[in-house]
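Visitor: Okay, here's the structure, questions in a sec.
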Amino acid sequence: MASIVDICNTALAHLGNDNEISSIDPPDGSVEAGRCKRFYPIARKELIERFVWPFACKRQTLASVANPSEIWTYAYQLPPDCIRPVRVLTAQVANALLFELSQGHIVFGDMFDDSKSAPYEVEDGVLFTHEPEAVLLYLRDVVDTTRYTPTFVSALGFLLASYLAGPLIRGADGARAAQNYRQLALAQGDTAMTMAARGSHERHFPVASHLAVR
């Protein structure tokens, strides 16, 4: 599987940079390694947020907190590793879904279909909902590259290239390159989601245009 250094060198190669790096933690002393250390985590988290990658999905029963809302019945603390909430369930429904999954009646991606979520709202790290004993299905940051799929690695190389283009190429050419590589990264992700939804037992669901939490 690709390492962090492999992904960074792929991004640099996309930009036509022949200077391969050997480490970003700590940086090997090159300008390229310093830039990769800065932008790699940003690109990784953005790409995870944009699509429901199975390796980044997690299920957790939420802890109740004081509820200041006059609209919502319950308030819960978001998990500290949550990048984006996807679906809110009651504990009973979550257990039923897990049973259906174990019996092969649904596929993994069905658990994270945000169109079937109970209504909720997030404010300052607190999730508000009307669901008692709420279970959150969410996306978390995953730093272990051995868990990444080949398509995720490829898309991440393009997205990282979009971040590196500005500081390494600069000017109008850098801006154009950044835009082009971002489009390539997102197109790669869209293609992966479509293919997986058609034929995989671990279907992915693309994020709707509302990336902001409801």
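Residue numbers start at 1 in each chain; chains themselves are named A, B, ... in the order of the structure tokens; ligands are numbered from 1 in the order shown.
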Mind checking which residues fall within 9 Å of Ile4 (chain A), counting only C-alpha atoms, ignoring those fewer than 3 positions away in the same chain, and posting them as a list in words?
Guide: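 Using only C-alpha atoms, the neighbours found are Ile7, Cys8, Asn9, Ser23, Ile24, Tyr40, Val143, Asp144 and Thr145 of chain A.
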Visitor: Keeping only N, CA and C atoms, write the selected residues as a PDB file, in the first residue's frame.
Guide:
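Contents of selection-v5.pdb, freshly written:
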ATOM      1  N   ILE A   7       2.336   9.155  -1.467  1.00  0.00           N
ATOM      2  CA  ILE A   7       1.251  10.050  -1.891  1.00  0.00           C
ATOM      3  C   ILE A   7       1.793  11.448  -2.166  1.00  0.00           C
ATOM      4  N   CYS A   8       2.690  11.909  -1.310  1.00  0.00           N
ATOM      5  CA  CYS A   8       3.274  13.240  -1.507  1.00  0.00           C
ATOM      6  C   CYS A   8       4.101  13.291  -2.784  1.00  0.00           C
ATOM      7  N   ASN A   9       4.881  12.256  -3.037  1.00  0.00           N
ATOM      8  CA  ASN A   9       5.692  12.233  -4.252  1.00  0.00           C
ATOM      9  C   ASN A   9       4.825  12.114  -5.504  1.00  0.00           C
ATOM     10  N   SER A  23      10.791  12.223   3.611  1.00  0.00           N
ATOM     11  CA  SER A  23      10.072  12.269   4.882  1.00  0.00           C
ATOM     12  C   SER A  23       9.389  13.622   5.036  1.00  0.00           C
ATOM     13  N   ILE A  24       8.202  13.605   5.679  1.00  0.00           N
ATOM     14  CA  ILE A  24       7.556  14.873   6.048  1.00  0.00           C
ATOM     15  C   ILE A  24       7.377  14.972   7.561  1.00  0.00           C
ATOM     16  N   TYR A  40      -0.623  18.178   3.457  1.00  0.00           N
ATOM     17  CA  TYR A  40      -1.113  16.800   3.382  1.00  0.00           C
ATOM     18  C   TYR A  40      -2.291  16.541   4.326  1.00  0.00           C
ATOM     19  N   VAL A 143      -5.564   8.229   9.582  1.00  0.00           N
ATOM     20  CA  VAL A 143      -4.200   8.557   9.176  1.00  0.00           C
ATOM     21  C   VAL A 143      -3.428   7.348   8.682  1.00  0.00           C
ATOM     22  N   ASP A 144      -3.914   6.150   8.975  1.00  0.00           N
ATOM     23  CA  ASP A 144      -3.234   4.917   8.574  1.00  0.00           C
ATOM     24  C   ASP A 144      -3.449   4.666   7.084  1.00  0.00           C
ATOM     25  N   THR A 145      -2.417   4.853   6.282  1.00  0.00           N
ATOM     26  CA  THR A 145      -2.572   4.731   4.828  1.00  0.00           C
ATOM     27  C   THR A 145      -2.820   3.293   4.373  1.00  0.00           C
TER      28      THR A 145
END
Visitor: List the spatial neighbours of region 181-192 of chain A as JSON, numbers by chain - criterion: any atom at most 7 Å away, only C-alpha atoms, same-chain residues fewer than 3 positions off excluded.
Guide: {"A": [151, 155, 156, 158, 159, 161, 162, 177, 178, 195, 196, 206]}
Visitor: Once you have the residues from the selection above, write them out as a short mmCIF file (atom, residue, chain, number, x, y, z; two decimals), in the first residue's frame, restricted to C-alpha atoms.
Guide:
data_model
loop_
_atom_site.label_atom_id
_atom_site.label_comp_id
_atom_site.auth_asym_id
_atom_site.auth_seq_id
_atom_site.Cartn_x
_atom_site.Cartn_y
_atom_site.Cartn_z
CA THR A 151 -8.89 5.12 -5.61
CA ALA A 155 -7.67 11.10 -5.56
CA LEU A 156 -5.62 12.28 -2.59
CA PHE A 158 -4.53 14.94 -7.11
CA LEU A 159 -6.04 16.95 -4.26
CA ALA A 161 -1.26 18.57 -5.89
CA SER A 162 -3.95 21.25 -5.96
CA ALA A 177 -2.94 23.99 -11.97
CA ALA A 178 -4.56 24.09 -8.54
CA MET A 195 -18.78 2.39 -9.39
CA ALA A 196 -19.01 1.23 -5.79
CA PRO A 206 -21.51 10.93 -2.45
#
Visitor: Counting only C-alpha atoms, which residue out of A:Met193, A:Asp28, A:Ala63, A:Asp18 sits closest to Val5 (chain A)?
Guide: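 Going through A:Met193, A:Asp28, A:Ala63, A:Asp18 one by one, the smallest distance to Val5 (chain A) is for A:Asp28.
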Visitor: Return the single residue from A:Ile169, A:Leu137, A:Val65, A:Leu127 that is closest to Val52 (chain A), with distances computed using only C-alpha atoms.
Guide: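 Among A:Ile169, A:Leu137, A:Val65, A:Leu127, it is A:Leu137 that comes nearest to Val52 (chain A).
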Visitor: For each of A:Phe128, A:Phe55, A:Phe152, A:Tyr163, take the minimum atom-to-atom distance to Pro68 (chain A), counting only C-alpha atoms, then give the residue where this is smallest.
Guide: A:Phe128
Visitor: Kindly give the distance, in Å, that separates CA of Tyr74 (chain A) and CA of Arg87 (chain A), rounded to a single decimal.
Guide: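 Interatomic distance here is 15.6 Å.
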Visitor: One number please: CA of Thr129 (chain A) to CA of Ala56 (chain A), in Å, one decimal.
Guide: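 Going from CA of Thr129 (chain A) over to CA of Ala56 (chain A) covers 23.3 Å.
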Visitor: So the first atom is CA of Gly16 (chain A) and the second is CA of Phe39 (chain A); what is the distance between them in Å, to one decimal place?
Guide: 17.8 Å
Visitor: With only C-alpha atoms as the basis for distance, which of A:Leu62, A:Ala165, A:Ala172, A:Leu78 is at the shortest distance from Ala134 (chain A)?
Guide: A:Leu62
Visitor: I need the residue nearest Trp72 (chain A) from this list: A:Ala43, A:Val31, A:Val126, A:Leu89. Use only C-alpha atoms for the distance.
Guide: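 Of A:Ala43, A:Val31, A:Val126, A:Leu89, the one nearest Trp72 (chain A), counting only C-alpha atoms, is A:Val126.
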Visitor: Which of these residues is nearest to Gly34 (chain A), using only C-alpha atoms: A:Ser117, A:Leu164, A:Ala75, A:Ala13?
Guide: A:Leu164
Visitor: Tell me which protein, DNA and RNA residues are within 9 Å of Glu49 (chain A), counting only C-alpha atoms, leaving out same-chain ones fewer than 4 positions away, and put them as a list in words.
Guide: Arg44, Lys45, Trp53, Ile83, Arg84, Leu139, Arg140, Asp141, Val207 and Leu211 of chain A
